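*Asks:* Take a look at this one; I'll ask things after.
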Amino acid sequence: MFHLLWLVMAVPFASAALLALLGSRLARITVAILGAGSIGFAAILTILIAAKFITSPPAGDAYVQHLWTWMSSGGFQPEVALYLDSVALLMLLVVTFVGFLIHLYSVEYMRDDEGYARFFAYMNLFEASMITLILAKNLLLLYLGWEGVGLCSFLLIGFWYKDPANVRAAGKAFIVTRVGDTAFAVGLFLLAIRLGTLDIQELMHRASVQWISGSGIAVAAAALLLGGAVGKSAQLPLQTWLPDAMAGPTPTSALIHAATMVTAGVYLIARTHVLFTLAPPVQLAVAIIGATTMLLAAFSALAQRDMKRVLAYSTISQIGYMFLALGLGAWSAALFHLMTHAFFKALLFLAAGVVIHAIHEQDLYRMGGLRSELRLAFWSFVIGGSALAGLPLITAGFFSKDLILWQSWAGPNGNVWFWVAGMTGAVLTSLYTFRLILLTFYGSQQAHVKAESGLAVRISLIVLCVLAVAGGYVNTPPNFGGVPALSNFLSSAVPSLEEVHTVPITELITALCASAAFAIGLGLAYLLYGPQRARVPVEGFLPNLWRAGWGFDWLYDRVFVRPFRWLVGKSKSDVVDIPVRGVGQLAVLSYRALCLVQTGHVRWYAMGIAMGTIAILAIAFFAR
């Protein structure tokens, strides 16, 4: 079964190529079969491979499939080779299965769009690129998939390109993430030069042998990789692109925010964890960036009026939780939350798409009273929102977030401040989640329902509802229903925490505090935004600052955009071209000077030859 691994990547690529070349000539049913069917095939094949991996693990707990040598230059010979271990398998299951549900949803959601085939071509290329990123055995192939998801995000965010605002949002995402990608590329050059390879496993081995902990080269390499991760995963200071990415179709938002692009940075750090353990200052920076981003994004989510922008800032905040766990060395906890987040965030985005499609409105203050009209969307929001906020013992989000919160203090790199930040984030998450639900589904109905969802949409939502509830139980202890713990499964690829500090906190106390945080957020949401409250958006300096994403766009506009535009304005006269034009004018003058000697008189030519000969002989004589 393992030998079919290449098909998981190849089939979506082939489907994307067919849809791009022939999509305009194909019937919509054929486009739907190619678009969603190819991802469904990849998901089924991944499940079969996972079953084989669990029941009969490959030698060394990893399977390597060599396809061909990509290039050969001296001793540098990167391959197109696939590497499957427990971490890659978990990511592959999430990307293909959740991706398939989003594609199935899209079959119905996008059916009336004139760019139907183009949409699925982009989506399949997106999936194929993410699969390449996950399965890459070396960082160069990973970087190919990394750039592929960046390209596809640009294409999908600007899918409705006739609206200039969408094109600007796509361009912003492309440019901001390029900042991080540039740092990542420089990091690849550094690693290739210093360690002589980009093969991930060999790279980690050589780094651990040749570099000492805290050395300058280790810190530089890890910092450059972190630059790439914060760009793709929308963490400080490169988080500004993600809220504007809501310009794309709702299935695109679900794919970017739940299963693919924003998780790439988390996966990169987990995959190269050895480099970060060799660079303690950078690993600490990962935790600080995660905690800070988590809180800032949660406050911003509280002030948003647009339904999708609330979920966008929520994604930034939840990725912050994952970065916090990575920075503290809780690798399996970060990956566990990545998995559960994919379930409930995809559910929330797809349910938001149902609401938006039904009432043609995204402003929360123009909604209300929809729970009786859109029952499936309502319960999807309740289940997905409860998982996001961490409803105790029932939803998947509670188990993964509780594990991060406990290890943020009890882990060897944790402390009370990270624990307090995580708990504060939990309260804010519960508050903005139930604010969203109360404003949308309670109170007086202000919008008329214009459309109902069909079978494909319902299937996707129901399956994700089940996963948002049951997904957390995969990390229960081995004696709980005979299910092996996810942390144990991942331990062959990423190390578990070796020690726990003696602190006045236990996992039970943390769980109780997380439950209290959930209840406090729910209570505050009801008091501030319940049906009895006037539906008036809060104004003032802080709400406006939060709504504007803490002013990062304002700052970047004045520090980077306006100076660049000023330089462009000053260069209208092509100042940079002056030296180039000078060389051209010098050539013209030389040509005109030489033309003067072309008289057509033989005597002048003979005299010139004679004078030249005398000059050459004189130089030869006096130079001796």
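Ordered as shown in the structure tokens, chains take letters A, B, and onward, while each chain numbers its residues from 1 and ligands are numbered from 1 in the order shown.
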Which residues are close to range 559-563 of chain A, i.e. within 12 Å by only C-alpha atoms, leaving aside same-chain residues fewer than 6 positions away? Reply as a list in words.
*Replies:* Lys172, Ile175, Val176, Phe552, Asp553, Gly569 and Lys570 of chain A
*Asks:* Please report as CSV every residue of range 22-134 of chain A lying within 12 Å of range 489-493 of chain A, along with the nearest atom pair and their distance in Å (one decimal), using only C-alpha atoms.
*Replies:*
```
residue,atom,partner,partner_atom,distance
A:Ala50,CA,A:Phe489,CA,11.7
A:Phe53,CA,A:Phe489,CA,10.7
A:Ile54,CA,A:Phe489,CA,8.8
A:Thr55,CA,A:Phe489,CA,11.9
A:Pro57,CA,A:Phe489,CA,10.9
A:Pro58,CA,A:Ser492,CA,11.8
A:Ala59,CA,A:Ser492,CA,11.7
A:Gly60,CA,A:Ser492,CA,8.7
A:Asp61,CA,A:Ser492,CA,6.7
A:Ala62,CA,A:Ala493,CA,8.6
A:Tyr83,CA,A:Ala493,CA,11.5
A:Leu84,CA,A:Ala493,CA,10.0
A:Asp85,CA,A:Ala493,CA,6.6
A:Ser86,CA,A:Leu490,CA,5.4
A:Val87,CA,A:Leu490,CA,6.0
A:Ala88,CA,A:Ala493,CA,9.0
A:Leu89,CA,A:Leu490,CA,9.6
A:Leu90,CA,A:Leu490,CA,8.6
A:Met91,CA,A:Leu490,CA,11.2
```
*Asks:* Tell me which protein, DNA and RNA residues are within 10 Å of range 36-48 of chain A, counting only C-alpha atoms, leaving out same-chain ones fewer than 3 positions away, and put them as a VMD selection string.
*Replies:* chain A and resid 1 to 2 4 to 5 7 to 16 30 to 33 51 to 53 89 to 90 92 to 107 120 123 to 124 127 to 128 131
*Asks:* Of the candidates A:Gly75, A:Leu155, A:Leu275, A:Leu236, which shows the shortest atom-to-atom distance to Arg206 in chain A, using only C-alpha atoms?
*Replies:*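 Of the candidates, the smallest distance to Arg206 in chain A is held by A:Leu275.
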*Asks:* My list of candidates is A:Leu255, A:Leu226, A:Val597, A:Val583. Which is closest to Ala270 in chain A when distances are computed with only C-alpha atoms?
*Replies:*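 Counting only C-alpha atoms, the residue closest to Ala270 in chain A is A:Leu226.
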*Asks:* Looking only at the backbone, which of the residues in range 437-518 of chain A does DSSP tag as alpha helix (DSSP H), as a ChimeraX atom specification?
*Replies:* /A:437-441,455-470,486-490,507-518
*Asks:* What's the 12 Å shell around Pro495 in chain A, counting only C-alpha atoms, without same-chain residues fewer than 4 positions away, as a PyMOL selection string?
*Replies:* chain A and resi 86-87+270-274+277+326+329-333+487-491+499
*Asks:* Just write the chosen residues, N, CA and C atoms, as a PDB file, in the first residue's frame.
*Replies:*
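After the write, selection.pdb holds the following:
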```
ATOM      1  N   SER A  86       4.791   9.701  11.249  1.00  0.00           N
ATOM      2  CA  SER A  86       3.531   9.928  11.959  1.00  0.00           C
ATOM      3  C   SER A  86       3.065  11.379  11.848  1.00  0.00           C
ATOM      4  N   VAL A  87       3.990  12.331  11.877  1.00  0.00           N
ATOM      5  CA  VAL A  87       3.612  13.740  11.745  1.00  0.00           C
ATOM      6  C   VAL A  87       3.056  14.024  10.361  1.00  0.00           C
ATOM      7  N   ALA A 270       7.577  22.218  13.436  1.00  0.00           N
ATOM      8  CA  ALA A 270       7.541  20.876  14.012  1.00  0.00           C
ATOM      9  C   ALA A 270       8.462  19.930  13.255  1.00  0.00           C
ATOM     10  N   ARG A 271       8.484  20.047  11.944  1.00  0.00           N
ATOM     11  CA  ARG A 271       9.319  19.161  11.124  1.00  0.00           C
ATOM     12  C   ARG A 271      10.812  19.418  11.343  1.00  0.00           C
ATOM     13  N   THR A 272      11.183  20.672  11.612  1.00  0.00           N
ATOM     14  CA  THR A 272      12.591  21.029  11.815  1.00  0.00           C
ATOM     15  C   THR A 272      12.851  21.353  13.289  1.00  0.00           C
ATOM     16  N   HIS A 273      12.188  20.647  14.198  1.00  0.00           N
ATOM     17  CA  HIS A 273      12.248  20.982  15.615  1.00  0.00           C
ATOM     18  C   HIS A 273      13.662  20.915  16.179  1.00  0.00           C
ATOM     19  N   VAL A 274      14.527  20.087  15.594  1.00  0.00           N
ATOM     20  CA  VAL A 274      15.899  19.972  16.100  1.00  0.00           C
ATOM     21  C   VAL A 274      16.620  21.309  16.001  1.00  0.00           C
ATOM     22  N   THR A 277      15.446  23.533  18.853  1.00  0.00           N
ATOM     23  CA  THR A 277      15.982  23.152  20.160  1.00  0.00           C
ATOM     24  C   THR A 277      17.455  23.534  20.278  1.00  0.00           C
ATOM     25  N   LEU A 326       4.631  25.177  20.361  1.00  0.00           N
ATOM     26  CA  LEU A 326       5.894  24.868  19.685  1.00  0.00           C
ATOM     27  C   LEU A 326       7.063  25.521  20.407  1.00  0.00           C
ATOM     28  N   GLY A 329       8.212  23.623  23.357  1.00  0.00           N
ATOM     29  CA  GLY A 329       8.640  22.246  23.128  1.00  0.00           C
ATOM     30  C   GLY A 329       7.523  21.233  23.218  1.00  0.00           C
ATOM     31  N   ALA A 330       6.280  21.682  23.302  1.00  0.00           N
ATOM     32  CA  ALA A 330       5.129  20.774  23.350  1.00  0.00           C
ATOM     33  C   ALA A 330       4.680  20.478  21.922  1.00  0.00           C
ATOM     34  N   TRP A 331       5.517  19.755  21.194  1.00  0.00           N
ATOM     35  CA  TRP A 331       5.302  19.551  19.758  1.00  0.00           C
ATOM     36  C   TRP A 331       4.000  18.815  19.478  1.00  0.00           C
ATOM     37  N   SER A 332       3.761  17.726  20.193  1.00  0.00           N
ATOM     38  CA  SER A 332       2.552  16.933  19.925  1.00  0.00           C
ATOM     39  C   SER A 332       1.294  17.703  20.309  1.00  0.00           C
ATOM     40  N   ALA A 333       1.361  18.554  21.347  1.00  0.00           N
ATOM     41  CA  ALA A 333       0.200  19.361  21.714  1.00  0.00           C
ATOM     42  C   ALA A 333      -0.143  20.348  20.606  1.00  0.00           C
ATOM     43  N   SER A 487      -0.462  11.518  21.170  1.00  0.00           N
ATOM     44  CA  SER A 487       0.891  11.917  21.561  1.00  0.00           C
ATOM     45  C   SER A 487       1.864  10.749  21.454  1.00  0.00           C
ATOM     46  N   ASN A 488       1.432   9.558  21.828  1.00  0.00           N
ATOM     47  CA  ASN A 488       2.289   8.386  21.700  1.00  0.00           C
ATOM     48  C   ASN A 488       2.547   8.054  20.243  1.00  0.00           C
ATOM     49  N   PHE A 489       1.529   8.227  19.424  1.00  0.00           N
ATOM     50  CA  PHE A 489       1.677   7.958  17.995  1.00  0.00           C
ATOM     51  C   PHE A 489       2.690   8.906  17.365  1.00  0.00           C
ATOM     52  N   LEU A 490       2.669  10.175  17.788  1.00  0.00           N
ATOM     53  CA  LEU A 490       3.575  11.168  17.214  1.00  0.00           C
ATOM     54  C   LEU A 490       4.979  11.105  17.794  1.00  0.00           C
ATOM     55  N   SER A 491       5.153  10.391  18.894  1.00  0.00           N
ATOM     56  CA  SER A 491       6.436  10.403  19.595  1.00  0.00           C
ATOM     57  C   SER A 491       7.580   9.827  18.773  1.00  0.00           C
ATOM     58  N   GLU A 499      10.279  16.128  30.928  1.00  0.00           N
ATOM     59  CA  GLU A 499      10.110  16.391  32.348  1.00  0.00           C
ATOM     60  C   GLU A 499       8.988  17.402  32.551  1.00  0.00           C
TER      61      GLU A 499
END
```
*Asks:* Near Lys232 in chain A, within 6 Å and counting only C-alpha atoms, which residues show up once chain neighbours fewer than 2 positions away are dropped, as a list in words?
*Replies:*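 The filter keeps Thr177, Ala229, Val230, Ala234, Val262 and Gly265 of chain A.
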*Asks:* Skipping near chain neighbours, those fewer than 4 positions away, what residues fall within 12 Å of Phe119 in chain A using only C-alpha atoms, listed as an MDAnalysis selection string?
*Replies:* chainID A and resid 16 19:20 23:24 28 31:32 34:36 103 106:107 109:115 123:126 152:153 155:160 248:252
*Asks:* Name the closest residue to Gly385 in chain A among the candidates A:Ala259, A:Ala485, A:Leu467, A:Ile437; distances are taken between atoms, counting only C-alpha atoms.
*Replies:*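 Of A:Ala259, A:Ala485, A:Leu467, A:Ile437, the one nearest Gly385 in chain A is A:Ile437, counting only C-alpha atoms.
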*Asks:* Pick the closest to Ser400 in chain A from A:Leu438, A:Leu348, A:Ile609, A:Ala325: which is it, counting only C-alpha atoms?
*Replies:*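 Nearest to Ser400 in chain A: A:Ala325.
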